[in-house]
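Here's the structure, in structure tokens; my notes come after.
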Amino acid sequence: MKYLMLVYGNQEKWDSIPADQWPDVVANQDAFNKRYQGTGELIGAYGLADAVMARLVKRVDGAPAVTDGPYLETKEYIASFYLLDVESEERAHEIAADMPWADQDPVEVWPVPHEGQ
């Protein structure tokens with residue numbers, strides 16, 4: 001079964017991390033990624049750009065219409081996402097709880113019941 005893990009963040013959170021701690025933060029996240037890539041349970045891990053870089057796209061008269069956005073009503077936004085392929089929901093929860101940030105912020109876990117071909 002596949003599960004999507006979502007990690008939220010914001011610029012205030014990133015700015016609160018002292019510059020000298022960033023190498024350890026990155027190393028801890030890389031170790032997490034490698035551990036679960038090694039077991040075959042982590043299909044992909046992707047960090048997203050800051051929310052100011054996001055765009056909204058819709059179709060107008062058959063062509064893409066691109067605007068700045070999204071206009072968030074909260075300061076939190078999706079900072080990264082992870083796709084798991086695990087044996088059970090319990091295993092997805094175990095991996096989410098092992099996320100380096102999980103002692104400070106929750107990790108959302110979503111079942112992925114359908115996959116496009």
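Just so we're on the same page: first chain in the structure tokens is A, next is B, and so on; residues restart at 1 for each chain, and ligands are numbered from 1 in the order they show up.
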
Exercise for the section: List every residue of chain A that DSSP, applied to the backbone of this structure, assigns to strand (DSSP E or B), and report them as a VMD selection string. Expected result: chain A and resid 2 to 9 42 to 47 55 to 60 63 to 68 77 to 85 108 to 112

Put those residues in a file: N, CA, C and O atoms, as a compact mmCIF listing (two decimals), in the first residue's frame.
# COMPACT_ATOMS: atom_id res chain seq x y z
N LYS A 2 0.48 2.23 -0.76
CA LYS A 2 1.24 3.48 -0.80
C LYS A 2 0.62 4.51 0.14
O LYS A 2 -0.58 4.56 0.33
N TYR A 3 1.51 5.33 0.72
CA TYR A 3 1.11 6.41 1.62
C TYR A 3 1.91 7.65 1.28
O TYR A 3 3.09 7.56 0.93
N LEU A 4 1.26 8.79 1.38
CA LEU A 4 1.89 10.07 1.20
C LEU A 4 2.11 10.70 2.57
O LEU A 4 1.18 10.76 3.37
N MET A 5 3.34 11.11 2.84
CA MET A 5 3.62 11.84 4.08
C MET A 5 3.85 13.30 3.73
O MET A 5 4.61 13.61 2.81
N LEU A 6 3.18 14.19 4.44
CA LEU A 6 3.31 15.62 4.21
C LEU A 6 3.94 16.28 5.44
O LEU A 6 3.53 16.01 6.57
N VAL A 7 4.92 17.13 5.19
CA VAL A 7 5.57 17.89 6.24
C VAL A 7 5.30 19.36 5.95
O VAL A 7 5.50 19.83 4.82
N TYR A 8 4.83 20.08 6.96
CA TYR A 8 4.51 21.50 6.80
C TYR A 8 5.62 22.36 7.38
O TYR A 8 6.35 21.94 8.27
N GLY A 9 5.72 23.57 6.90
CA GLY A 9 6.71 24.51 7.41
C GLY A 9 6.32 25.92 7.06
O GLY A 9 5.26 26.17 6.52
N LEU A 42 10.74 3.84 0.92
CA LEU A 42 10.64 5.24 0.51
C LEU A 42 10.85 5.31 -0.99
O LEU A 42 11.95 5.08 -1.49
N ILE A 43 9.79 5.63 -1.71
CA ILE A 43 9.85 5.72 -3.16
C ILE A 43 10.47 7.04 -3.58
O ILE A 43 11.24 7.11 -4.53
N GLY A 44 10.11 8.11 -2.89
CA GLY A 44 10.64 9.42 -3.23
C GLY A 44 10.47 10.40 -2.10
O GLY A 44 9.51 10.31 -1.33
N ALA A 45 11.41 11.35 -2.01
CA ALA A 45 11.35 12.41 -1.01
C ALA A 45 11.64 13.72 -1.74
O ALA A 45 12.65 13.83 -2.43
N TYR A 46 10.73 14.69 -1.57
CA TYR A 46 10.82 15.91 -2.35
C TYR A 46 10.58 17.13 -1.47
O TYR A 46 9.55 17.25 -0.83
N GLY A 47 11.54 18.04 -1.44
CA GLY A 47 11.38 19.31 -0.74
C GLY A 47 10.84 20.34 -1.72
O GLY A 47 11.26 20.38 -2.88
N ARG A 55 2.77 28.84 -8.01
CA ARG A 55 1.89 29.50 -8.98
C ARG A 55 0.59 28.72 -9.09
O ARG A 55 0.55 27.51 -8.89
N LEU A 56 -0.45 29.44 -9.43
CA LEU A 56 -1.75 28.84 -9.73
C LEU A 56 -1.92 28.84 -11.24
O LEU A 56 -1.67 29.85 -11.89
N VAL A 57 -2.34 27.69 -11.77
CA VAL A 57 -2.50 27.57 -13.22
C VAL A 57 -3.91 27.07 -13.50
O VAL A 57 -4.37 26.10 -12.88
N LYS A 58 -4.58 27.74 -14.42
CA LYS A 58 -5.85 27.23 -14.92
C LYS A 58 -5.87 27.44 -16.41
O LYS A 58 -4.99 28.10 -16.98
N ARG A 59 -6.84 26.86 -17.06
CA ARG A 59 -6.96 26.97 -18.51
C ARG A 59 -7.97 28.05 -18.84
O ARG A 59 -9.10 28.04 -18.34
N VAL A 60 -7.59 28.98 -19.68
CA VAL A 60 -8.47 30.04 -20.16
C VAL A 60 -8.39 30.05 -21.68
O VAL A 60 -7.30 30.21 -22.25
N ALA A 63 -5.65 27.89 -23.20
CA ALA A 63 -4.24 28.15 -22.91
C ALA A 63 -4.02 28.28 -21.41
O ALA A 63 -4.93 28.66 -20.67
N PRO A 64 -2.80 28.00 -20.95
CA PRO A 64 -2.52 28.16 -19.52
C PRO A 64 -2.59 29.64 -19.12
O PRO A 64 -2.06 30.50 -19.80
N ALA A 65 -3.25 29.88 -17.99
CA ALA A 65 -3.27 31.20 -17.38
C ALA A 65 -2.60 31.05 -16.02
O ALA A 65 -3.10 30.34 -15.16
N VAL A 66 -1.47 31.71 -15.83
CA VAL A 66 -0.65 31.53 -14.64
C VAL A 66 -0.70 32.80 -13.80
O VAL A 66 -0.51 33.91 -14.30
N THR A 67 -0.97 32.63 -12.50
CA THR A 67 -0.97 33.75 -11.57
C THR A 67 -0.14 33.40 -10.35
O THR A 67 0.11 32.23 -10.07
N ASP A 68 0.27 34.42 -9.62
CA ASP A 68 0.96 34.19 -8.36
C ASP A 68 0.02 33.48 -7.41
O ASP A 68 -1.19 33.64 -7.47
N TYR A 77 2.61 25.90 5.16
CA TYR A 77 2.43 25.38 3.81
C TYR A 77 3.18 24.06 3.70
O TYR A 77 4.01 23.74 4.55
N ILE A 78 2.88 23.29 2.67
CA ILE A 78 3.56 22.01 2.47
C ILE A 78 5.01 22.31 2.13
O ILE A 78 5.30 22.98 1.14
N ALA A 79 5.92 21.83 2.96
CA ALA A 79 7.34 22.05 2.75
C ALA A 79 7.99 20.89 2.00
O ALA A 79 8.93 21.09 1.24
N SER A 80 7.50 19.69 2.24
CA SER A 80 8.05 18.52 1.54
C SER A 80 7.04 17.39 1.58
O SER A 80 6.11 17.39 2.39
N PHE A 81 7.23 16.45 0.67
CA PHE A 81 6.37 15.28 0.67
C PHE A 81 7.19 14.04 0.34
O PHE A 81 8.24 14.11 -0.29
N TYR A 82 6.70 12.92 0.85
CA TYR A 82 7.38 11.64 0.75
C TYR A 82 6.36 10.60 0.31
O TYR A 82 5.24 10.58 0.81
N LEU A 83 6.76 9.74 -0.61
CA LEU A 83 5.88 8.66 -1.05
C LEU A 83 6.45 7.35 -0.55
O LEU A 83 7.61 7.01 -0.82
N LEU A 84 5.63 6.63 0.21
CA LEU A 84 6.02 5.35 0.79
C LEU A 84 5.29 4.21 0.10
O LEU A 84 4.17 4.39 -0.38
N ASP A 85 5.90 3.05 0.09
CA ASP A 85 5.24 1.81 -0.31
C ASP A 85 5.56 0.80 0.78
O ASP A 85 6.68 0.28 0.86
N GLU A 108 1.69 14.49 8.40
CA GLU A 108 0.42 13.96 7.89
C GLU A 108 0.69 12.70 7.09
O GLU A 108 1.65 12.66 6.30
N VAL A 109 -0.13 11.68 7.27
CA VAL A 109 -0.02 10.43 6.53
C VAL A 109 -1.34 10.19 5.82
O VAL A 109 -2.38 10.09 6.47
N TRP A 110 -1.27 10.11 4.49
CA TRP A 110 -2.47 9.93 3.67
C TRP A 110 -2.35 8.63 2.88
O TRP A 110 -1.36 8.42 2.17
N PRO A 111 -3.35 7.74 2.96
CA PRO A 111 -3.36 6.58 2.07
C PRO A 111 -3.47 7.03 0.61
O PRO A 111 -4.11 8.04 0.32
N VAL A 112 -2.83 6.31 -0.28
CA VAL A 112 -2.91 6.57 -1.72
C VAL A 112 -3.56 5.34 -2.35
O VAL A 112 -2.89 4.41 -2.79

Handout entry: DSSP-assigned alpha helix (DSSP H) among region 6-102 of chain A, expressed as a VMD selection string
Key = chain A and resid 11 to 15 22 to 38 89 to 97

Exercise for the section: Identify which of the residues A:Phe32, A:Glu115, A:Gly40, A:Lys75 lies closest to Asp98 (chain A), counting only C-alpha atoms when measuring atom-to-atom distances. Expected result: A:Phe32
